[in-house]
Each structure stands twice: as C-alpha cells, then as structure tokens.
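Trainee: One file: work13.cif (mmCIF, C-alpha atoms and all ligand atoms).
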```cif
data_run
#
loop_
_atom_site.label_atom_id
_atom_site.label_comp_id
_atom_site.auth_asym_id
_atom_site.auth_seq_id
_atom_site.Cartn_x
_atom_site.Cartn_y
_atom_site.Cartn_z
CA MET A 1 93.20 114.94 90.68
CA GLN A 2 93.70 111.95 92.96
CA SER A 3 96.21 109.29 91.95
CA ILE A 4 95.63 105.77 93.22
CA LYS A 5 98.29 103.40 91.98
CA ALA A 6 97.76 99.73 91.17
CA VAL A 7 101.31 98.90 92.24
CA ASP A 8 103.71 101.00 94.32
CA LEU A 9 107.01 99.23 94.95
CA GLN A 10 108.71 102.43 96.11
CA ALA A 11 106.21 102.79 98.97
CA GLN A 12 107.01 99.25 100.12
CA TYR A 13 110.76 99.94 99.97
CA HIS A 14 110.45 103.18 101.93
CA ALA A 15 108.42 101.44 104.64
CA ILE A 16 111.33 99.03 105.34
CA GLN A 17 114.23 100.97 103.83
CA SER A 18 116.66 100.71 106.73
CA GLU A 19 116.26 96.91 106.93
CA ILE A 20 116.72 96.47 103.15
CA ASP A 21 119.68 98.83 102.96
CA GLU A 22 121.40 97.02 105.82
CA ALA A 23 120.82 93.61 104.18
CA VAL A 24 122.11 94.76 100.77
CA ALA A 25 125.19 96.39 102.32
CA ARG A 26 125.92 93.15 104.18
CA VAL A 27 125.94 91.21 100.90
CA LEU A 28 128.02 93.79 99.05
CA SER A 29 130.76 93.63 101.66
CA SER A 30 130.60 89.82 101.98
CA GLY A 31 132.25 89.19 98.61
CA GLN A 32 129.83 86.30 97.99
CA TYR A 33 127.20 87.06 95.37
CA LEU A 34 125.52 83.86 94.17
CA LEU A 35 124.10 80.83 96.04
CA GLY A 36 125.88 81.73 99.26
CA ALA A 37 125.05 82.02 102.96
CA GLU A 38 122.07 84.35 102.46
CA THR A 39 120.52 81.96 99.94
CA GLY A 40 120.99 79.03 102.34
CA LYS A 41 119.34 80.94 105.18
CA PHE A 42 116.49 82.10 102.98
CA GLU A 43 115.88 78.53 101.81
CA ALA A 44 115.72 77.32 105.42
CA GLU A 45 113.43 80.15 106.53
CA PHE A 46 111.09 79.90 103.54
CA SER A 47 110.76 76.12 103.75
CA THR A 48 109.90 76.42 107.46
CA TYR A 49 107.34 79.14 106.71
CA SER A 50 105.78 76.91 104.03
CA GLY A 51 105.75 73.75 106.13
CA VAL A 52 107.92 71.87 103.61
CA ALA A 53 111.18 70.03 104.20
CA TYR A 54 113.23 71.48 101.32
CA ALA A 55 113.39 74.71 99.34
CA ALA A 56 115.85 75.30 96.50
CA ALA A 57 116.19 78.93 95.41
CA VAL A 58 116.42 79.47 91.66
CA GLY A 59 116.53 82.33 89.17
CA SER A 60 112.81 82.89 88.55
CA GLY A 61 109.33 81.42 88.88
CA THR A 62 109.47 80.27 85.26
CA ASP A 63 112.67 78.37 86.04
CA ALA A 64 111.09 76.96 89.20
CA ILE A 65 108.31 75.32 87.15
CA GLN A 66 110.72 74.14 84.46
CA LEU A 67 113.16 72.63 86.97
CA ALA A 68 110.39 71.03 89.04
CA LEU A 69 109.21 69.24 85.89
CA ARG A 70 112.73 68.25 84.89
CA ALA A 71 113.40 66.98 88.42
CA CYS A 72 110.54 64.51 87.79
CA GLU A 73 112.18 63.58 84.47
CA ILE A 74 109.27 65.08 82.58
CA GLY A 75 110.29 66.29 79.13
CA PRO A 76 109.88 65.74 75.39
CA GLY A 77 106.92 63.51 74.53
CA ASP A 78 105.19 64.15 77.87
CA GLU A 79 102.09 66.24 78.58
CA VAL A 80 101.34 68.56 81.49
CA ILE A 81 97.80 69.72 82.27
CA THR A 82 97.25 73.35 83.24
CA ILE A 83 95.03 76.38 82.55
CA ALA A 84 94.91 79.08 79.85
CA HIS A 85 93.73 81.91 82.11
CA THR A 86 97.10 82.49 83.77
CA ALA A 87 100.50 84.09 83.28
CA VAL A 88 101.95 82.92 79.97
CA ALA A 89 105.02 81.95 82.02
CA CYS A 90 103.25 78.72 83.08
CA ILE A 91 102.98 77.54 79.48
CA ALA A 92 106.47 78.81 78.59
CA ALA A 93 107.93 76.90 81.53
CA ILE A 94 106.25 73.63 80.51
CA GLU A 95 107.61 74.03 76.98
CA LEU A 96 111.09 74.89 78.32
CA SER A 97 111.13 71.47 79.99
CA GLY A 98 110.42 69.94 76.56
CA ALA A 99 106.91 68.78 77.55
CA SER A 100 103.65 69.90 75.91
CA PRO A 101 100.98 71.89 77.75
CA VAL A 102 97.40 70.60 77.68
CA LEU A 103 94.93 73.33 78.59
CA VAL A 104 91.70 72.83 80.53
CA ASP A 105 89.09 75.31 81.73
CA ILE A 106 88.80 77.16 85.03
CA ASP A 107 86.12 77.32 87.68
CA PRO A 108 84.59 80.76 87.02
CA ARG A 109 84.24 81.58 90.74
CA SER A 110 87.77 80.81 91.93
CA PHE A 111 89.57 81.33 88.57
CA THR A 112 91.54 78.16 89.35
CA ILE A 113 91.63 74.86 87.44
CA ASP A 114 88.25 73.09 87.31
CA PRO A 115 88.98 69.61 88.72
CA GLU A 116 86.03 68.19 86.79
CA LYS A 117 87.73 69.08 83.51
CA ILE A 118 91.01 67.33 84.31
CA GLU A 119 90.10 63.66 83.96
CA ALA A 120 88.99 64.01 80.32
CA ALA A 121 92.34 65.62 79.48
CA VAL A 122 94.43 62.78 80.91
CA GLY A 123 95.90 60.60 78.18
CA PRO A 124 98.69 58.05 77.81
CA ARG A 125 101.35 60.80 77.67
CA THR A 126 100.11 62.84 80.65
CA ARG A 127 102.70 63.04 83.41
CA ALA A 128 101.73 65.98 85.61
CA ILE A 129 99.11 68.54 86.62
CA LEU A 130 100.13 72.15 87.25
CA PRO A 131 97.37 73.81 89.31
CA VAL A 132 97.88 77.57 89.63
CA HIS A 133 96.75 79.28 92.85
CA LEU A 134 95.71 82.30 90.80
CA TYR A 135 95.34 85.75 92.39
CA GLY A 136 96.19 84.21 95.79
CA CYS A 137 93.24 81.79 95.83
CA PRO A 138 94.15 78.14 96.49
CA ALA A 139 93.08 75.74 93.75
CA ASP A 140 90.83 72.89 94.91
CA LEU A 141 93.66 70.44 95.56
CA GLU A 142 91.79 67.52 97.13
CA PRO A 143 90.14 66.23 93.92
CA ILE A 144 93.29 67.09 91.96
CA LEU A 145 95.48 64.99 94.26
CA ASP A 146 92.91 62.21 94.05
CA ILE A 147 93.02 62.14 90.22
CA ALA A 148 96.84 62.32 90.34
CA GLN A 149 97.03 59.34 92.66
CA ARG A 150 94.63 57.24 90.59
CA ARG A 151 96.32 58.13 87.29
CA ASN A 152 99.90 58.10 88.60
CA LEU A 153 100.59 61.77 87.87
CA ARG A 154 102.77 64.36 89.59
CA VAL A 155 101.17 67.50 91.02
CA ILE A 156 103.30 70.64 90.85
CA GLU A 157 101.61 73.56 92.59
CA ASP A 158 102.25 76.96 91.03
CA CYS A 159 102.28 79.18 94.12
CA SER A 160 103.72 82.25 92.37
CA GLN A 161 100.73 84.37 93.37
CA ALA A 162 99.91 82.72 96.67
CA HIS A 163 102.72 83.03 99.24
CA GLY A 164 101.11 82.37 102.62
CA ALA A 165 97.80 81.00 101.28
CA ARG A 166 96.33 77.89 102.93
CA TYR A 167 94.18 75.00 101.80
CA HIS A 168 92.27 73.29 104.61
CA GLY A 169 94.76 74.70 107.12
CA ARG A 170 97.89 73.64 105.23
CA PRO A 171 100.20 76.09 103.45
CA VAL A 172 100.04 75.97 99.66
CA GLY A 173 103.21 74.43 98.33
CA SER A 174 103.10 71.67 100.93
CA LEU A 175 100.39 69.53 99.32
CA GLY A 176 101.69 68.53 95.88
CA HIS A 177 104.84 66.58 95.00
CA LEU A 178 106.66 69.85 94.31
CA ALA A 179 105.79 73.54 94.32
CA ALA A 180 107.07 76.48 92.29
CA PHE A 181 107.21 80.02 93.65
CA SER A 182 108.07 83.28 91.87
CA PHE A 183 109.58 86.24 93.74
CA TYR A 184 109.05 88.70 90.86
CA PRO A 185 109.05 92.18 92.46
CA THR A 186 105.26 92.67 92.45
CA LYS A 187 104.47 89.34 94.13
CA ASN A 188 103.23 89.17 97.74
CA LEU A 189 106.80 88.18 98.59
CA GLY A 190 108.84 89.98 95.96
CA ALA A 191 112.57 90.38 95.42
CA MET A 192 114.22 93.46 93.93
CA GLY A 193 114.97 91.56 90.75
CA ASP A 194 114.13 88.04 89.58
CA GLY A 195 113.91 85.03 91.87
CA GLY A 196 112.07 81.77 92.41
CA ALA A 197 112.07 78.58 94.48
CA VAL A 198 111.17 74.92 94.19
CA LEU A 199 109.77 73.30 97.34
CA THR A 200 109.31 69.61 98.07
CA ASN A 201 109.27 67.06 100.87
CA ASP A 202 111.17 64.57 98.70
CA ALA A 203 114.95 64.65 99.34
CA ARG A 204 115.71 63.01 96.00
CA LEU A 205 113.71 65.57 94.00
CA ASP A 206 115.31 68.42 95.98
CA GLU A 207 118.75 67.08 95.18
CA ARG A 208 117.90 66.93 91.48
CA VAL A 209 116.65 70.55 91.48
CA ARG A 210 119.88 71.64 93.20
CA LYS A 211 121.92 69.94 90.51
CA LEU A 212 119.76 71.18 87.64
CA ARG A 213 120.00 74.82 88.75
CA GLN A 214 123.76 74.78 88.28
CA TYR A 215 124.74 72.82 85.15
CA GLY A 216 123.84 69.47 86.73
CA TRP A 217 126.91 69.71 88.94
CA ARG A 218 127.47 67.11 91.64
CA GLU A 219 130.52 69.14 92.57
CA ARG A 220 132.22 72.05 90.85
CA ASN A 221 132.78 71.31 87.14
CA CYS A 222 131.46 67.71 87.40
CA SER A 223 127.98 67.32 85.88
CA ASP A 224 125.87 64.32 86.81
CA ILE A 225 122.97 65.42 84.64
CA ARG A 226 122.40 68.11 82.02
CA GLY A 227 121.41 71.30 83.80
CA VAL A 228 121.03 75.04 83.33
CA ASN A 229 122.17 78.24 85.01
CA SER A 230 119.39 79.32 87.35
CA ARG A 231 121.07 80.59 90.49
CA MET A 232 119.60 82.96 93.04
CA ASP A 233 121.79 85.95 93.75
CA GLU A 234 122.68 86.86 97.31
CA ILE A 235 121.18 90.35 97.19
CA GLN A 236 117.79 88.88 96.29
CA ALA A 237 118.08 86.26 99.03
CA ALA A 238 118.95 88.93 101.62
CA VAL A 239 116.05 91.14 100.49
CA LEU A 240 113.66 88.18 100.59
CA ARG A 241 114.77 87.32 104.14
CA VAL A 242 113.84 90.85 105.25
CA LYS A 243 110.50 90.78 103.45
CA LEU A 244 109.61 87.29 104.71
CA ARG A 245 109.61 88.74 108.23
CA HIS A 246 106.84 91.13 107.13
CA LEU A 247 104.83 88.71 104.99
CA GLU A 248 102.24 87.69 107.60
CA GLU A 249 101.52 91.29 108.57
CA TRP A 250 101.22 92.26 104.88
CA THR A 251 98.96 89.29 104.19
CA GLU A 252 96.63 90.24 107.05
CA ARG A 253 96.51 93.78 105.67
CA ARG A 254 95.63 92.47 102.19
CA ARG A 255 92.86 90.36 103.71
CA ALA A 256 91.52 93.35 105.67
CA LEU A 257 91.54 95.50 102.51
CA ALA A 258 89.74 92.72 100.62
CA ALA A 259 87.03 92.64 103.32
CA LEU A 260 86.65 96.44 103.01
CA TYR A 261 86.33 96.14 99.23
CA SER A 262 83.75 93.37 99.52
CA ASN A 263 81.67 95.48 101.95
CA GLY A 264 82.08 98.66 99.95
CA LEU A 265 81.18 97.03 96.63
CA ALA A 266 78.20 94.95 97.78
CA GLY A 267 75.20 95.90 95.66
CA CYS A 268 77.32 97.76 93.07
CA GLY A 269 76.50 95.36 90.25
CA VAL A 270 79.97 93.79 90.12
CA VAL A 271 80.84 90.15 90.78
CA LEU A 272 83.10 89.96 93.83
CA PRO A 273 85.92 87.44 94.40
CA THR A 274 85.15 84.52 96.68
CA GLU A 275 87.21 82.73 99.28
CA PRO A 276 86.50 78.99 99.01
CA ALA A 277 85.40 77.39 102.31
CA GLY A 278 88.41 76.15 104.28
CA SER A 279 90.90 78.25 102.30
CA ARG A 280 92.96 81.30 103.14
CA HIS A 281 92.99 83.61 100.11
CA VAL A 282 95.93 86.03 100.19
CA TYR A 283 94.59 88.52 97.62
CA HIS A 284 97.67 88.93 95.48
CA GLN A 285 95.01 90.56 93.34
CA TYR A 286 91.49 91.64 94.25
CA VAL A 287 89.68 90.74 91.03
CA ILE A 288 86.12 91.74 90.25
CA ARG A 289 84.09 90.87 87.17
CA HIS A 290 81.95 93.27 85.16
CA THR A 291 80.31 92.77 81.77
CA GLN A 292 81.33 96.35 80.86
CA ARG A 293 84.84 95.94 82.19
CA ASP A 294 86.57 98.18 79.63
CA GLU A 295 84.12 101.06 80.18
CA LEU A 296 84.48 100.71 83.96
CA ARG A 297 88.26 100.68 83.62
CA SER A 298 88.21 103.87 81.51
CA HIS A 299 85.90 105.54 84.02
CA LEU A 300 88.28 104.71 86.89
CA ALA A 301 91.33 105.84 84.88
CA ALA A 302 89.62 109.19 84.23
CA GLN A 303 89.31 109.56 88.03
CA GLY A 304 93.02 108.82 88.54
CA ILE A 305 92.49 105.21 89.65
CA GLN A 306 94.86 102.67 88.07
CA THR A 307 93.61 99.13 87.49
CA GLN A 308 95.04 96.12 85.70
CA VAL A 309 93.70 93.19 83.69
CA HIS A 310 95.07 89.77 84.58
CA TYR A 311 94.79 88.45 81.88
CA PRO A 312 93.31 90.12 78.79
CA VAL A 313 93.89 87.22 76.36
CA PRO A 314 93.87 83.55 77.41
CA VAL A 315 97.03 81.79 76.31
CA HIS A 316 95.36 79.66 73.61
CA LEU A 317 94.12 82.83 71.83
CA GLN A 318 97.54 84.52 71.80
CA SER A 319 99.22 84.46 68.38
CA ALA A 320 102.24 82.52 69.64
CA TYR A 321 100.08 79.67 70.99
CA ARG A 322 97.25 79.30 68.48
CA ASP A 323 98.44 75.81 67.58
CA LEU A 324 97.87 74.37 71.06
CA PRO A 325 95.22 71.63 70.99
CA LEU A 326 91.99 72.45 72.84
CA PRO A 327 89.46 70.21 74.56
CA PRO A 328 86.11 69.65 72.82
CA GLY A 329 83.91 72.64 73.66
CA GLY A 330 86.95 74.91 74.06
CA LEU A 331 87.63 76.96 77.17
CA PRO A 332 84.49 79.12 77.55
CA ALA A 333 84.99 80.03 81.23
CA SER A 334 88.56 81.19 80.53
CA GLU A 335 87.47 83.28 77.54
CA CYS A 336 84.64 84.88 79.51
CA ALA A 337 86.98 85.68 82.42
CA ALA A 338 89.43 87.38 80.05
CA ARG A 339 86.62 89.70 78.90
CA GLU A 340 85.33 90.55 82.37
CA VAL A 341 88.11 90.54 84.99
CA LEU A 342 89.47 93.72 86.53
CA SER A 343 92.17 93.85 89.21
CA LEU A 344 91.56 96.75 91.61
CA PRO A 345 94.44 98.48 93.42
CA MET A 346 95.64 96.09 96.14
CA ARG A 347 98.82 96.59 98.13
CA PRO A 348 99.40 96.50 101.89
CA GLU A 349 100.38 100.19 101.99
CA MET A 350 97.06 101.29 100.49
CA SER A 351 94.93 103.53 102.73
CA ALA A 352 91.30 102.82 103.63
CA ALA A 353 90.45 106.30 102.27
CA ASP A 354 91.87 105.43 98.83
CA LEU A 355 90.00 102.14 98.89
CA ALA A 356 86.74 103.96 99.75
CA ALA A 357 87.36 106.31 96.79
CA VAL A 358 87.69 103.31 94.45
CA CYS A 359 84.41 101.85 95.77
CA GLU A 360 82.67 105.21 95.37
CA GLU A 361 83.71 105.52 91.73
CA ILE A 362 82.62 101.95 90.93
CA SER A 363 79.29 102.68 92.58
CA ALA A 364 78.94 105.94 90.57
CA PHE A 365 79.70 104.03 87.35
CA SER A 366 77.14 101.34 88.19
CA SER A 367 74.35 103.79 88.99
CA ARG A 368 75.00 105.62 85.74
CA GLN A 369 74.73 102.31 83.85
CA ALA A 370 71.40 101.67 85.55
CA LEU A 371 69.90 104.87 84.06
CA PRO A 372 67.79 104.46 80.91
CA PRO A 373 69.41 105.73 77.67
CA ASN A 374 67.65 109.14 77.85
CA GLY A 375 69.21 109.69 81.29
CA LEU A 376 65.80 110.27 82.93
CA ILE A 377 64.93 108.33 86.04
CA PRO A 378 61.55 106.69 85.39
CA VAL A 379 58.77 107.88 87.77
C1 LIG A 401 101.14 82.19 88.13
C2 LIG A 401 102.54 82.51 87.72
N1 LIG A 401 103.37 81.49 87.38
C3 LIG A 401 104.63 81.72 87.00
C4 LIG A 401 105.15 82.99 86.95
C5 LIG A 401 106.55 83.20 86.47
O1 LIG A 401 107.36 83.81 87.40
P1 LIG A 401 108.65 84.68 86.95
O2 LIG A 401 108.15 85.95 86.36
O3 LIG A 401 109.38 84.88 88.24
O4 LIG A 401 109.42 83.86 85.99
C6 LIG A 401 104.34 84.08 87.33
C7 LIG A 401 104.85 85.45 87.33
O5 LIG A 401 104.67 86.21 86.46
C8 LIG A 401 103.00 83.83 87.71
O6 LIG A 401 102.18 84.81 88.05
#
```
Please rewrite the model in this file as structure tokens.
Ligand SMILES: Cc1ncc(COP(=O)(O)O)c(C=O)c1O

Mentor:
Amino acid sequence: MQSIKAVDLQAQYHAIQSEIDEAVARVLSSGQYLLGAETGKFEAEFSTYSGVAYAAAVGSGTDAIQLALRACEIGPGDEVITIAHTAVACIAAIELSGASPVLVDIDPRSFTIDPEKIEAAVGPRTRAILPVHLYGCPADLEPILDIAQRRNLRVIEDCSQAHGARYHGRPVGSLGHLAAFSFYPTKNLGAMGDGGAVLTNDARLDERVRKLRQYGWRERNCSDIRGVNSRMDEIQAAVLRVKLRHLEEWTERRRALAALYSNGLAGCGVVLPTEPAGSRHVYHQYVIRHTQRDELRSHLAAQGIQTQVHYPVPVHLQSAYRDLPLPPGGLPASECAAREVLSLPMRPEMSAADLAAVCEEISAFSSRQALPPNGLIPV
C-alpha cells in the first residue's frame, strides 16, 4: 500500500545533509554552545529576511511570546486578546507572562482573528492583541493596528506558522510592535530542536528581550530586571542559518503544491483554503474543511495517507482552560472549525504524484457520499 506522510523531517535533512552536517561540526569544534557567533549571525540574517531592525533568538516560540509581552511590561492584572483556535502554546505563553488571555472568534475563511470581534473584548485592563498568522495565512493586520492605535494597545504578531508570509507586500513580523517566531522542527523554518525569536524595530524593546532571555543580565551576573533562561543554542542557530538559505525555494514549492491541491480538489465537495487579497500565504498547512471530516480522515488513513487536525479542541473547551471567560455568544466559528478542519500532507519534498493520489482519494470519498443510502445511482 502507498504511504504518504503528513510530515517527513528525515527527507528534509537528507536533501541538505552535507550542509547541515558541516554546520553542526563547525559548532561542535568551536567550543561555544550557547548565544555565540552562530546565534549572532542568524539574528542578523533573519532580521534582514524579515525586514525588521532587530531579532533576538530565544529558546522557543512559547518563550518568544512570553518575553515579547514582558518586554512591554505586560504581566499580572493585564489582559491580552487572542484566539482559541490555535496552538495552546499561545495561551500558555500569555499566562507565563502573568497576564490573562481573552479569547475572541476567528474569521471562518482565513482561520485568523476576526477584527470585528476585537473591539468588544477591549476593556480597561487590555494591554495587547496577539494575532496569530495561522497555517501560514496572514491575519488582517490593518484593522487590528487601527484598533490598537485608537485604544493604545500593543500588537504582537505570532508568526510561528508564517515564516516568509507577506501582508500587503510587507513581511509578517514587521508590522506589529513585536513579533514572535517558533522554530519548532516541523515549522516552515524549523530547527533540529527547540528555538524561537522575538523581532522588533524598537531598540529599547529589543534590549529588554535580550536581558530577559538571560536572567535580566546587563552584564554577566548583574541583573537589571528579573529574567529567565531562554537561550538559543549554537547548533540550532547554525542549522537555522542553513535552512534560511532554502526558505524561499521551499515556500515557492509549498505555494505550487497548494495551487495543485486547489485545482485537484475543485468540485470535490470540500471547502478549500483561501489566500486573502494582497497577502502571501505560505501554506505551513493546507487545511480543508469537510462536514464529515472524521470519516474522510479514516478513509484517507485506510489508503495510507496521513493527515492531521490542527486543532481538534479549541482552547476554551480543553479541560485545563474551562474557566477562561468567553464573550457573549461564545466562539461559534472556532468550535465549527475544530469539527471540520483537516490538514492534508504538505511539505516541500512532496511529489506531485503523491499529491494527485490524495486528491483522487478525496474525490472518491466525496462521490461515495453523494450516492443515496441504497448505493444505487438514481436514473
Ligand atoms: C501559532 C503558534 N504559536 C506558538 C507556538 C509555540 O512554539 P514552540 O513550540 O516553539 O514553543 C507554536 C508552535 O507550536 C505555534 O504553532
């Protein structure tokens, strides 16, 4: 039977093995393993790529969000607006800063925060908005930045799934006050371990993040502020420098695969992802919707096709977070998305033949659903 993987990190490593091996060997023999020369070069290269003045490498994407908030002196007693249909890390990071998450609904087409829902959630304690560029699709930042300016709020872009995406021609991460990136291994730009970065154009905020990531140190063993340990290690920085050189080519390949999917699945009875006008979607995930998602997923699994569900339970319905306050009317678009979304295999190394096989099986599933219960085609 065929086997089409949802994720294949070994294939990516083998495609660039000599470059990675050389970079890792260089670090091992350098004798410098944390926040060293490789990290400095990666920060410079990634900030240039993202069109932002400063990038501070940290230990993970969760830390990047937490430290971005703490850099703005957001903490206990403050509220941060974000979404429930996202990685639970977003909510965990807000709570790690000491602030409280306030959840609003998503736009069902883009799966990103619905700007029309934000204003009603702003209260006297609100300090920031955390829009998530989910699946690689830029959130609609213009109205979000407008609300933030009028209500004196910070905007921290969560770009963990959107390396290389653009909003009206500008790289994501360059539009808010700060941006958080994750380099978790499966991301479009993924390390071979944990990693993250905080980007900003504000020198003062960058300096605060740099202190916070290492015990608040101004200099060794002298803390200006209370910080944490969230250092990037040199092996990850060296790996990320290699992979950054391939990111544009990989992104173009993801976009080409997405176009093939959208052609191949047209008329198959599934809702296809959209690319908002003026945006560059980078298809971290290619996410379709289907009212019989679980049956479709089982059908594909039986044919050797792996899929994933991002995310099966919105954060406010998870047992750990049932006490979070909800807006009047709840979060219906988030709950509906959790029931219907299905992430199809999407990785730059994927072949067009494998992609065609996925489309064929979805089409076969859909035509079977269209048959009446007795299986006879009406004449
Ligand atoms: C949207 C989003 N935000 C934050 C994170 C947290 O990143 P990390 O796993 O590197 O802590 C992730 C990764 O899972 C993510 O997808």

Trainee: I'd like a table as CSV: residues in chain A with an atom no more than 9 Å from ligand LIG 401 (chain A), each row giving the shortest atom pair and its distance in Å to one decimal, only C-alpha atoms and all ligand atoms counted, sorted by chain and rising residue number.

Mentor:
```
residue,atom,partner,partner_atom,distance
A:Gly59,CA,A:LIG401,O3,7.6
A:Ser60,CA,A:LIG401,O3,4.0
A:Gly61,CA,A:LIG401,O1,3.4
A:Thr62,CA,A:LIG401,O4,3.7
A:Asp63,CA,A:LIG401,O4,6.4
A:Ala64,CA,A:LIG401,O4,7.8
A:Ile65,CA,A:LIG401,C3,7.4
A:Thr86,CA,A:LIG401,C1,6.0
A:Ala87,CA,A:LIG401,C8,5.1
A:Val88,CA,A:LIG401,C3,7.6
A:Ala89,CA,A:LIG401,C5,4.9
A:Cys90,CA,A:LIG401,N1,5.1
A:Ile91,CA,A:LIG401,C3,8.8
A:Ala93,CA,A:LIG401,C3,8.0
A:Val132,CA,A:LIG401,C1,5.8
A:His133,CA,A:LIG401,C1,7.1
A:Leu134,CA,A:LIG401,C1,6.1
A:Tyr135,CA,A:LIG401,C1,8.0
A:Asp158,CA,A:LIG401,N1,5.9
A:Cys159,CA,A:LIG401,C1,6.8
A:Ser160,CA,A:LIG401,C2,4.8
A:Gln161,CA,A:LIG401,O6,5.5
A:Ala162,CA,A:LIG401,C1,8.6
A:Ala180,CA,A:LIG401,C3,7.8
A:Phe181,CA,A:LIG401,O1,7.3
A:Ser182,CA,A:LIG401,O3,4.2
A:Phe183,CA,A:LIG401,O3,5.7
A:Tyr184,CA,A:LIG401,O3,4.6
A:Pro185,CA,A:LIG401,O3,8.4
A:Thr186,CA,A:LIG401,O5,8.8
A:Lys187,CA,A:LIG401,C7,7.8
A:Asp194,CA,A:LIG401,O3,5.9
A:Gly195,CA,A:LIG401,O3,5.8
A:Gly196,CA,A:LIG401,O3,5.9
```

Trainee: Please produce a file of the residues just selected, as a CSV table (one decimal), keeping the file's coordinate frame, where the atoms kept are C-alpha atoms.

Mentor:
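Here's the written file part.csv:
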```
chain,number,residue,atom,x,y,z
A,59,GLY,CA,116.5,82.3,89.2
A,60,SER,CA,112.8,82.9,88.6
A,61,GLY,CA,109.3,81.4,88.9
A,62,THR,CA,109.5,80.3,85.3
A,63,ASP,CA,112.7,78.4,86.0
A,64,ALA,CA,111.1,77.0,89.2
A,65,ILE,CA,108.3,75.3,87.2
A,86,THR,CA,97.1,82.5,83.8
A,87,ALA,CA,100.5,84.1,83.3
A,88,VAL,CA,102.0,82.9,80.0
A,89,ALA,CA,105.0,82.0,82.0
A,90,CYS,CA,103.2,78.7,83.1
A,91,ILE,CA,103.0,77.5,79.5
A,93,ALA,CA,107.9,76.9,81.5
A,132,VAL,CA,97.9,77.6,89.6
A,133,HIS,CA,96.8,79.3,92.8
A,134,LEU,CA,95.7,82.3,90.8
A,135,TYR,CA,95.3,85.8,92.4
A,158,ASP,CA,102.2,77.0,91.0
A,159,CYS,CA,102.3,79.2,94.1
A,160,SER,CA,103.7,82.2,92.4
A,161,GLN,CA,100.7,84.4,93.4
A,162,ALA,CA,99.9,82.7,96.7
A,180,ALA,CA,107.1,76.5,92.3
A,181,PHE,CA,107.2,80.0,93.6
A,182,SER,CA,108.1,83.3,91.9
A,183,PHE,CA,109.6,86.2,93.7
A,184,TYR,CA,109.0,88.7,90.9
A,185,PRO,CA,109.0,92.2,92.5
A,186,THR,CA,105.3,92.7,92.4
A,187,LYS,CA,104.5,89.3,94.1
A,194,ASP,CA,114.1,88.0,89.6
A,195,GLY,CA,113.9,85.0,91.9
A,196,GLY,CA,112.1,81.8,92.4
```

Trainee: Can you work out the spacing between CA of Val358 in chain A and CA of Ser298 in chain A in Å, to one decimal?

Mentor: 13.0 Å

Trainee: Env of range 32-35 of chain A: 9 Å cut, atoms = all atoms listed in the file, seq-sep filter 3 positions within chain, self excluded. Answer as a PyMOL selection string.

Mentor: chain A and resi 27-29+38-40+57-58+231-235+237

Trainee: Using only C-alpha atoms, I'd like a table of the residues in range 117-165 of chain A that come within 12 Å of range 322-342 of chain A; for each, show the closest atom pair and its distance in Å rounded to one decimal, ordered by chain and ascending number, as a tab-separated table.

Mentor:
```
residue	atom	partner	partner_atom	distance
A:Lys117	CA	A:Pro327	CA	9.2
A:Ile118	CA	A:Pro327	CA	10.3
A:Glu119	CA	A:Pro327	CA	11.5
A:Ala120	CA	A:Pro327	CA	8.5
A:Ala121	CA	A:Pro327	CA	7.3
A:Val122	CA	A:Pro327	CA	11.0
A:Tyr135	CA	A:Val341	CA	11.4
```

Trainee: Let me make sure I understand: among A:Ala197, A:Ile106, A:Leu141, A:Ile4, which one has the smallest atom-to-atom distance to Ala356 in chain A if we use all atoms listed in the file?

Mentor: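 Closest to Ala356 in chain A, using all atoms listed in the file: A:Ile4.
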
Trainee: Of the residues A:Ala302, A:Glu295, A:Cys359, A:Arg210, which is the one nearest to Leu260 in chain A, using only C-alpha atoms?

Mentor: A:Cys359
